[in-house]
>>> print(open('entry27.tsv').read())   # TSV, C-alpha atoms
chain	number	residue	atom	x	y	z
A	1394	MET	CA	121.61	165.83	64.58
A	1395	ARG	CA	123.67	168.94	65.23
A	1396	LYS	CA	122.00	172.25	66.06
A	1397	VAL	CA	122.93	175.25	63.91
A	1398	LEU	CA	124.26	178.04	66.14
A	1399	GLY	CA	124.64	180.62	63.41
A	1400	ILE	CA	125.63	181.42	59.84
A	1401	HIS	CA	128.64	183.69	59.37
A	1402	GLU	CA	128.93	185.96	56.35
A	1403	GLY	CA	132.37	186.48	54.85
A	1404	SER	CA	133.94	189.91	54.50
A	1405	GLY	CA	134.19	191.80	51.24
A	1406	THR	CA	137.06	190.88	48.97
A	1407	HIS	CA	140.47	192.31	49.87
A	1408	TRP	CA	143.92	191.62	48.48
A	1409	VAL	CA	146.67	189.78	50.33
A	1410	GLY	CA	149.81	190.92	48.57
A	1411	ASP	CA	149.17	191.21	44.84
A	1412	GLY	CA	148.36	187.55	44.25
A	1413	PHE	CA	145.40	186.61	46.45
A	1414	PRO	CA	141.99	188.33	46.32
A	1415	VAL	CA	140.34	186.80	49.40
A	1416	ARG	CA	137.24	186.93	51.56
A	1417	THR	CA	137.74	186.27	55.27
A	1418	VAL	CA	134.94	183.85	56.12
A	1419	PHE	CA	135.44	183.76	59.89
A	1420	THR	CA	137.78	185.06	62.60
A	1421	PRO	CA	138.17	184.33	66.36
A	1422	GLY	CA	136.06	187.40	67.03
A	1423	SER	CA	133.22	186.37	64.74
A	1424	THR	CA	132.91	182.86	66.22
A	1425	GLY	CA	133.50	183.81	69.86
A	1426	GLY	CA	136.01	180.97	70.11
A	1427	ARG	CA	133.27	178.40	69.42
A	1428	LEU	CA	135.20	176.89	66.51
A	1429	SER	CA	138.47	176.33	68.41
A	1430	PRO	CA	141.13	175.27	67.46
A	1431	PHE	CA	140.28	176.93	64.11
A	1432	LEU	CA	141.01	180.65	64.11
A	1433	MET	CA	140.37	182.06	60.66
A	1434	LEU	CA	139.73	181.12	57.05
A	1435	ASP	CA	140.44	183.13	53.90
A	1436	HIS	CA	138.94	181.98	50.60
A	1437	ALA	CA	140.35	183.18	47.29
A	1438	SER	CA	137.51	182.33	44.92
A	1439	ALA	CA	138.30	181.39	41.32
A	1440	THR	CA	140.11	184.35	39.73
A	1441	ARG	CA	141.69	184.56	36.30
A	1442	PHE	CA	145.25	185.88	36.09
A	1443	GLY	CA	146.96	186.72	32.83
A	1444	PRO	CA	150.59	185.91	32.10
A	1445	ALA	CA	153.11	188.05	33.99
A	1446	GLU	CA	156.84	188.69	34.05
A	1447	HIS	CA	157.16	188.51	37.83
A	1448	PRO	CA	155.35	186.16	40.27
A	1449	ARG	CA	152.44	187.64	42.16
A	1450	GLY	CA	151.98	186.81	45.83
A	1451	VAL	CA	153.10	187.77	49.32
A	1452	GLY	CA	156.72	188.54	50.19
A	1453	VAL	CA	158.60	187.58	53.35
A	1454	HIS	CA	156.53	187.95	56.53
A	1455	PRO	CA	156.50	186.38	60.03
A	1456	HIS	CA	154.14	184.16	62.01
A	1457	ARG	CA	154.19	182.77	65.54
A	1458	GLY	CA	151.87	180.70	67.73
A	1459	PHE	CA	149.71	178.82	65.20
A	1460	GLU	CA	149.64	176.88	61.92
A	1461	THR	CA	148.56	177.79	58.38
A	1462	VAL	CA	146.87	175.26	56.11
A	1463	THR	CA	146.74	176.20	52.42
A	1464	ILE	CA	144.48	174.13	50.14
A	1465	VAL	CA	144.73	174.69	46.38
A	1466	TYR	CA	141.67	173.99	44.19
A	1467	GLU	CA	142.95	175.53	40.96
A	1468	GLY	CA	146.30	177.06	40.00
A	1469	GLU	CA	149.73	176.56	41.46
A	1470	LEU	CA	151.68	178.11	44.37
A	1471	GLU	CA	155.27	178.04	45.60
A	1472	HIS	CA	156.38	178.40	49.23
A	1473	ARG	CA	159.72	179.13	50.94
A	1474	ASP	CA	160.43	179.62	54.63
A	1475	SER	CA	163.17	180.20	57.19
A	1476	THR	CA	163.43	176.51	58.11
A	1477	GLY	CA	164.79	175.87	54.62
A	1478	ALA	CA	161.59	174.14	53.57
A	1479	GLY	CA	159.69	174.93	50.42
A	1480	GLY	CA	157.63	173.40	47.71
A	1481	ARG	CA	155.19	173.75	44.88
A	1482	ILE	CA	151.54	172.74	45.23
A	1483	GLY	CA	148.85	172.47	42.59
A	1484	PRO	CA	145.19	171.43	42.40
A	1485	GLY	CA	144.25	169.11	45.28
A	1486	ASP	CA	147.51	169.66	47.17
A	1487	VAL	CA	147.90	171.10	50.69
A	1488	GLN	CA	150.66	172.97	52.54
A	1489	TRP	CA	150.54	172.62	56.33
A	1490	MET	CA	152.97	175.08	57.91
A	1491	THR	CA	153.65	175.16	61.66
A	1492	ALA	CA	154.80	178.63	62.70
A	1493	ALA	CA	154.97	177.73	66.44
A	1494	SER	CA	158.01	179.54	67.96
A	1495	GLY	CA	158.45	181.68	64.88
A	1496	ILE	CA	158.88	181.44	61.12
A	1497	LEU	CA	159.39	183.68	58.12
A	1498	HIS	CA	157.80	182.61	54.85
A	1499	GLU	CA	156.67	183.77	51.44
A	1500	GLU	CA	154.01	182.53	49.02
A	1501	PHE	CA	153.88	183.28	45.31
A	1502	HIS	CA	152.26	182.00	42.16
A	1503	SER	CA	154.52	179.34	40.68
A	1504	GLU	CA	156.93	180.09	37.85
A	1505	ALA	CA	154.81	178.12	35.36
A	1506	PHE	CA	151.53	179.72	36.49
A	1507	THR	CA	153.13	183.18	36.29
A	1508	ARG	CA	154.39	182.53	32.76
A	1509	ASP	CA	151.19	181.00	31.38
A	1510	GLY	CA	148.49	182.58	33.53
A	1511	GLY	CA	145.37	180.72	34.56
A	1512	THR	CA	142.68	180.44	37.22
A	1513	LEU	CA	143.58	180.43	40.91
A	1514	GLU	CA	141.31	179.23	43.71
A	1515	MET	CA	142.56	178.42	47.20
A	1516	ALA	CA	141.67	178.55	50.88
A	1517	GLN	CA	143.96	179.26	53.81
A	1518	LEU	CA	142.99	178.12	57.30
A	1519	TRP	CA	144.68	179.25	60.55
A	1520	VAL	CA	144.81	176.61	63.31
A	1521	ASN	CA	145.64	177.51	66.89
A	1522	LEU	CA	148.26	175.77	69.05
A	1523	ARG	CA	148.11	175.13	72.78
A	1524	SER	CA	150.30	177.47	74.85
A	1525	ALA	CA	152.60	174.51	75.57
A	1526	ASP	CA	153.11	174.04	71.80
A	1527	LYS	CA	153.55	177.68	70.79
A	1528	ASN	CA	157.28	177.35	71.50
A	1529	ALA	CA	157.67	174.16	69.44
A	1530	ALA	CA	160.08	174.14	66.52
A	1531	PRO	CA	158.56	175.46	63.29
A	1532	GLY	CA	157.90	172.95	60.54
A	1533	TYR	CA	156.35	172.30	57.16
A	1534	GLN	CA	154.36	169.50	55.54
A	1535	THR	CA	153.75	169.16	51.80
A	1536	ILE	CA	150.64	167.00	51.32
A	1537	LEU	CA	150.07	165.99	47.72
A	1538	GLU	CA	146.66	165.07	46.34
A	1539	SER	CA	147.87	161.49	45.92
A	1540	ASP	CA	148.58	161.33	49.68
A	1541	ILE	CA	145.02	162.25	50.68
A	1542	PRO	CA	142.54	159.36	51.08
A	1543	SER	CA	139.06	159.75	49.64
A	1544	VAL	CA	135.82	158.30	51.03
A	1545	ASP	CA	132.71	157.93	48.88
A	1546	LEU	CA	129.47	159.02	50.56
A	1547	PRO	CA	126.52	156.59	50.41
A	1548	ASP	CA	124.02	156.69	47.54
A	1549	GLY	CA	126.26	158.74	45.27
A	1550	ALA	CA	125.98	161.84	47.48
A	1551	GLY	CA	129.61	162.82	46.88
A	1552	ARG	CA	133.02	162.16	48.33
A	1553	VAL	CA	135.22	163.37	51.18
A	1554	ARG	CA	138.97	163.89	51.06
A	1555	VAL	CA	140.39	163.37	54.55
A	1556	ILE	CA	143.18	165.93	54.97
A	1557	ALA	CA	143.40	165.54	58.75
A	1558	GLY	CA	141.65	163.24	61.21
A	1559	THR	CA	139.64	160.19	60.24
A	1560	LEU	CA	136.51	159.14	58.39
A	1561	ALA	CA	135.31	155.58	57.76
A	1562	GLU	CA	138.62	154.26	59.10
A	1563	ARG	CA	140.59	156.32	56.59
A	1564	GLU	CA	143.20	158.55	58.23
A	1565	GLY	CA	144.36	161.87	56.82
A	1566	PRO	CA	148.11	162.44	56.33
A	1567	ALA	CA	148.40	165.75	58.20
A	1568	ARG	CA	150.23	165.64	61.54
A	1569	THR	CA	148.37	167.79	64.07
A	1570	PHE	CA	149.13	168.96	67.60
A	1571	THR	CA	145.56	168.50	68.84
A	1572	PRO	CA	142.82	166.14	67.59
A	1573	MET	CA	140.84	167.49	64.62
A	1574	ASP	CA	139.10	166.62	61.38
A	1575	VAL	CA	139.70	168.69	58.24
A	1576	TRP	CA	137.62	167.29	55.36
A	1577	ASP	CA	137.39	168.55	51.78
A	1578	VAL	CA	133.84	167.59	50.76
A	1579	ARG	CA	132.40	167.46	47.24
A	1580	LEU	CA	128.61	167.07	47.21
A	1581	ALA	CA	126.48	165.91	44.27
A	1582	GLY	CA	123.35	167.97	43.71
A	1583	GLY	CA	120.07	166.67	45.02
A	1584	ARG	CA	121.50	163.80	47.05
A	1585	PRO	CA	121.25	164.16	50.86
A	1586	ALA	CA	124.13	163.01	53.03
A	1587	ALA	CA	124.85	162.64	56.75
A	1588	LEU	CA	128.36	163.65	57.79
A	1589	PRO	CA	129.42	161.89	61.02
A	1590	LEU	CA	130.93	164.45	63.39
A	1591	ARG	CA	132.69	163.59	66.63
A	1592	PRO	CA	130.46	164.25	69.70
A	1593	GLY	CA	131.82	166.99	71.94
A	1594	TRP	CA	134.00	168.57	69.26
A	1595	THR	CA	133.46	172.02	67.79
A	1596	ALA	CA	132.22	171.99	64.20
A	1597	GLY	CA	131.76	174.32	61.25
A	1598	LEU	CA	130.92	173.90	57.56
A	1599	VAL	CA	132.49	176.41	55.16
A	1600	VAL	CA	130.74	176.59	51.77
A	1601	LEU	CA	133.27	177.38	49.02
A	1602	ARG	CA	131.24	176.63	45.89
A	1603	GLY	CA	127.53	176.17	45.28
A	1604	ALA	CA	124.84	176.23	47.95
A	1605	VAL	CA	124.23	173.75	50.75
A	1606	SER	CA	121.23	173.18	53.02
A	1607	VAL	CA	122.12	172.11	56.56
A	1608	ASP	CA	119.57	170.14	58.59
A	1609	GLY	CA	116.82	171.09	56.13
A	1610	GLY	CA	117.38	174.83	56.46
A	1611	GLU	CA	117.64	177.51	53.79
A	1612	PRO	CA	120.54	177.08	51.34
A	1613	VAL	CA	123.84	178.56	52.53
A	1614	THR	CA	125.75	180.06	49.61
A	1615	ALA	CA	129.48	180.23	48.90
A	1616	GLY	CA	131.58	182.41	51.18
A	1617	ARG	CA	129.55	181.62	54.31
A	1618	MET	CA	130.17	179.34	57.28
A	1619	VAL	CA	127.65	177.35	59.31
A	1620	LEU	CA	128.63	177.12	62.98
A	1621	LEU	CA	127.31	173.99	64.70
A	1622	ASP	CA	126.71	173.05	68.31
A	1623	GLY	CA	129.27	170.75	69.91
A	1624	ASP	CA	126.56	168.39	71.19
A	1625	GLY	CA	125.12	165.70	68.96
A	1626	GLY	CA	126.58	163.62	66.17
A	1627	ASP	CA	125.83	163.66	62.44
A	1628	VAL	CA	124.97	166.73	60.41
A	1629	ALA	CA	122.54	166.43	57.47
A	1630	VAL	CA	123.57	168.27	54.31
A	1631	GLU	CA	122.18	168.54	50.79
A	1632	ALA	CA	123.32	170.61	47.81
A	1633	ALA	CA	120.96	171.93	45.15
A	1634	GLY	CA	123.73	171.52	42.57
A	1635	ASP	CA	127.31	170.34	42.84
A	1636	ALA	CA	129.01	172.01	45.81
A	1637	VAL	CA	132.34	172.15	47.62
A	1638	LEU	CA	132.69	172.68	51.35
A	1639	LEU	CA	135.24	172.32	54.11
A	1640	VAL	CA	134.23	170.50	57.28
A	1641	LEU	CA	136.22	171.69	60.31
A	1642	SER	CA	135.81	169.88	63.61
A	1643	GLY	CA	138.13	169.57	66.57
A	1644	GLU	CA	138.87	169.33	70.25
A	1645	ALA	CA	138.67	172.87	71.62
A	1646	ILE	CA	141.70	174.56	73.17
A	1647	ASP	CA	140.39	176.17	76.35
A	1648	GLU	CA	142.91	179.01	76.54
A	1649	PRO	CA	142.87	182.76	75.85
A	1650	VAL	CA	143.40	183.83	72.24
A	1651	VAL	CA	145.20	187.13	71.63
A	1652	ALA	CA	145.71	187.77	67.91
A	1653	ARG	CA	147.64	190.73	66.55
A	1654	GLY	CA	148.58	190.80	62.88
A	1655	PRO	CA	150.69	187.71	62.09
A	1656	PHE	CA	150.91	186.45	65.70
A	1657	VAL	CA	148.46	184.43	67.82
A	1658	MET	CA	149.39	184.05	71.48
A	1659	THR	CA	147.67	183.87	74.88
A	1660	SER	CA	148.55	187.31	76.30
A	1661	GLU	CA	149.49	190.84	75.27
A	1662	ASP	CA	152.94	190.33	76.82
A	1663	GLU	CA	153.54	187.37	74.51
A	1664	ILE	CA	152.44	189.47	71.52
A	1665	ARG	CA	154.89	192.23	72.48
A	1666	GLN	CA	157.64	189.62	72.82
A	1667	ALA	CA	156.82	188.22	69.37
A	1668	TYR	CA	157.20	191.66	67.78
A	1669	GLU	CA	160.43	192.25	69.69
A	1670	ASP	CA	161.86	188.89	68.60
A	1671	PHE	CA	160.88	189.51	64.98
A	1672	ARG	CA	162.48	192.96	64.91
A	1673	ALA	CA	165.63	191.56	66.52
A	1674	GLY	CA	165.96	188.97	63.75
A	1675	ARG	CA	165.29	185.94	65.99
A	1676	PHE	CA	162.97	184.31	63.43
A	1677	GLY	CA	165.90	183.44	61.18
A	1678	ALA	CA	166.07	184.24	57.49
A	1679	ILE	CA	165.07	182.82	54.13
A	1680	ALA	CA	168.09	181.71	52.10
A	1681	VAL	CA	168.67	183.78	48.98
>>> encode(input="entry27.tsv", output="structure tokens")
Amino acid sequence: MRKVLGIHEGSGTHWVGDGFPVRTVFTPGSTGGRLSPFLMLDHASATRFGPAEHPRGVGVHPHRGFETVTIVYEGELEHRDSTGAGGRIGPGDVQWMTAASGILHEEFHSEAFTRDGGTLEMAQLWVNLRSADKNAAPGYQTILESDIPSVDLPDGAGRVRVIAGTLAEREGPARTFTPMDVWDVRLAGGRPAALPLRPGWTAGLVVLRGAVSVDGGEPVTAGRMVLLDGDGGDVAVEAAGDAVLLVLSGEAIDEPVVARGPFVMTSEDEIRQAYEDFRAGRFGAIAV
């Protein structure tokens, strides 16, 4: 079984734009790089929005050097970026955006959600890229709920949606630059389960709803992350009531991480170059 290295408490709620009240569950600084290639996770817990005349969200902004993975649990979002890509995602859908050499994008509540109002819950994960891939062409993947395979856990303990990586010979649809597992796990209360993690990979469990005991320990409540040792295999989990968590596990990138605002590079010089390129308009533009 995996050893628990620590439990990370999320930050207080802060707003990203005017559409996303989030808690930052972990950052590169809080994990000491022990969850590489995963950099950061923001969780917007279920929040009710009334009808509005104009979409709420985040206007045009840049990224370079990493990927963003947006998972919607409730509500509906729309995305546009400087590659010309865009799309709408609703409950169960995922947007996997590769910033790499540089991208501009925006994220807003969808037109229908803005008009009607409703409850929004989502998580956004930042995934690092190797230095050799930070200059790759930017890209975008829309992953619909119907594209994501689901694996039932034994004895009715719940089910796992495989967004990236593999589980029980089911392969997730996300294309990744380095090997990783990103699993959306729904646990049934009172039914223990063993999640098979890859030996030698980093691993963390992010609790989004409910409370989950890991390896028989005290329940870990929503908005917290359990950091696990890379040695060992399975991790034992049990929820007191129904719970939702993200399992993040991957092959570590053994390179420096220098993060400043919307850029994640390997040196301060590369960060300065990213800001210079952005100000000079080298990230392209979003079509009007």
>>> closest_atom_pairs(input="entry27.tsv", of="stretch 1404-1508 of chain A", to="stretch 1657-1668 of chain A", cutoff="9 Å", atoms="all atoms listed in the file", output="CSV")
residue,atom,partner,partner_atom,distance
A:His1456,CA,A:Val1657,CA,8.1
A:Arg1457,CA,A:Val1657,CA,6.4
A:Gly1458,CA,A:Val1657,CA,5.1
A:Phe1459,CA,A:Val1657,CA,6.3
A:Ser1494,CA,A:Ala1667,CA,8.9
A:Gly1495,CA,A:Ala1667,CA,8.1
>>> residues_around(input="entry27.tsv", residues="stretch 1414-1425 of chain A", least_positions_apart="4", cutoff="6 Å", atoms="only C-alpha atoms", output="PyMOL selection string")
chain A and resi 1403-1408+1432-1437
>>> residues_around(input="entry27.tsv", residues="stretch 1639-1654 of chain A", least_positions_apart="6", cutoff="7 Å", atoms="all atoms listed in the file", output="ChimeraX atom specification")
/A:1429-1430,1523,1571-1578,1594-1600,1660-1661
>>> residues_around(input="entry27.tsv", residues="A:Ile1536", least_positions_apart="2", cutoff="10 Å", atoms="only C-alpha atoms", output="PyMOL selection string")
chain A and resi 1464+1482+1485-1489+1533-1534+1538-1541+1556+1565-1567
>>> residues_around(input="entry27.tsv", residues="A:Glu1500", least_positions_apart="5", cutoff="6 Å", atoms="only C-alpha atoms", output="PDB file with C-alpha atoms, keeping the file's coordinate frame")
ATOM      1  CA  GLY A1450     151.980 186.810  45.830  1.00  0.00           C
ATOM      2  CA  VAL A1451     153.100 187.770  49.320  1.00  0.00           C
ATOM      3  CA  GLU A1471     155.270 178.040  45.600  1.00  0.00           C
ATOM      4  CA  HIS A1472     156.380 178.400  49.230  1.00  0.00           C
TER       5      HIS A1472
END
>>> build_atoms(input="entry27.tsv", residues="stretch 1633-1645 of chain A", atoms="N, CA and C atoms", output="mmCIF file, keeping the file's coordinate frame")
data_model
loop_
_atom_site.group_PDB
_atom_site.id
_atom_site.type_symbol
_atom_site.label_atom_id
_atom_site.label_comp_id
_atom_site.auth_asym_id
_atom_site.auth_seq_id
_atom_site.Cartn_x
_atom_site.Cartn_y
_atom_site.Cartn_z
ATOM 1 N N ALA A 1633 121.889 171.826 46.265
ATOM 2 C CA ALA A 1633 120.960 171.930 45.150
ATOM 3 C C ALA A 1633 121.643 171.510 43.851
ATOM 4 N N GLY A 1634 122.887 171.943 43.679
ATOM 5 C CA GLY A 1634 123.730 171.520 42.570
ATOM 6 C C GLY A 1634 125.068 171.096 43.156
ATOM 7 N N ASP A 1635 126.015 170.748 42.316
ATOM 8 C CA ASP A 1635 127.310 170.340 42.840
ATOM 9 C C ASP A 1635 127.891 171.442 43.720
ATOM 10 N N ALA A 1636 128.506 171.049 44.834
ATOM 11 C CA ALA A 1636 129.010 172.010 45.810
ATOM 12 C C ALA A 1636 130.311 171.509 46.421
ATOM 13 N N VAL A 1637 131.088 172.456 46.927
ATOM 14 C CA VAL A 1637 132.340 172.150 47.620
ATOM 15 C C VAL A 1637 132.299 172.833 48.982
ATOM 16 N N LEU A 1638 132.620 172.093 50.020
ATOM 17 C CA LEU A 1638 132.690 172.680 51.350
ATOM 18 C C LEU A 1638 133.827 172.074 52.144
ATOM 19 N N LEU A 1639 134.263 172.810 53.146
ATOM 20 C CA LEU A 1639 135.240 172.320 54.110
ATOM 21 C C LEU A 1639 134.514 172.032 55.418
ATOM 22 N N VAL A 1640 134.744 170.848 55.960
ATOM 23 C CA VAL A 1640 134.230 170.500 57.280
ATOM 24 C C VAL A 1640 135.390 170.619 58.261
ATOM 25 N N LEU A 1641 135.204 171.450 59.291
ATOM 26 C CA LEU A 1641 136.220 171.690 60.310
ATOM 27 C C LEU A 1641 135.650 171.284 61.659
ATOM 28 N N SER A 1642 136.297 170.352 62.327
ATOM 29 C CA SER A 1642 135.810 169.880 63.610
ATOM 30 C C SER A 1642 137.003 169.511 64.469
ATOM 31 N N GLY A 1643 136.968 169.865 65.754
ATOM 32 C CA GLY A 1643 138.130 169.570 66.570
ATOM 33 C C GLY A 1643 137.879 169.671 68.060
ATOM 34 N N GLU A 1644 138.871 169.225 68.791
ATOM 35 C CA GLU A 1644 138.870 169.330 70.250
ATOM 36 C C GLU A 1644 139.283 170.743 70.616
ATOM 37 N N ALA A 1645 138.413 171.457 71.323
ATOM 38 C CA ALA A 1645 138.670 172.870 71.620
ATOM 39 C C ALA A 1645 139.876 173.045 72.522
#
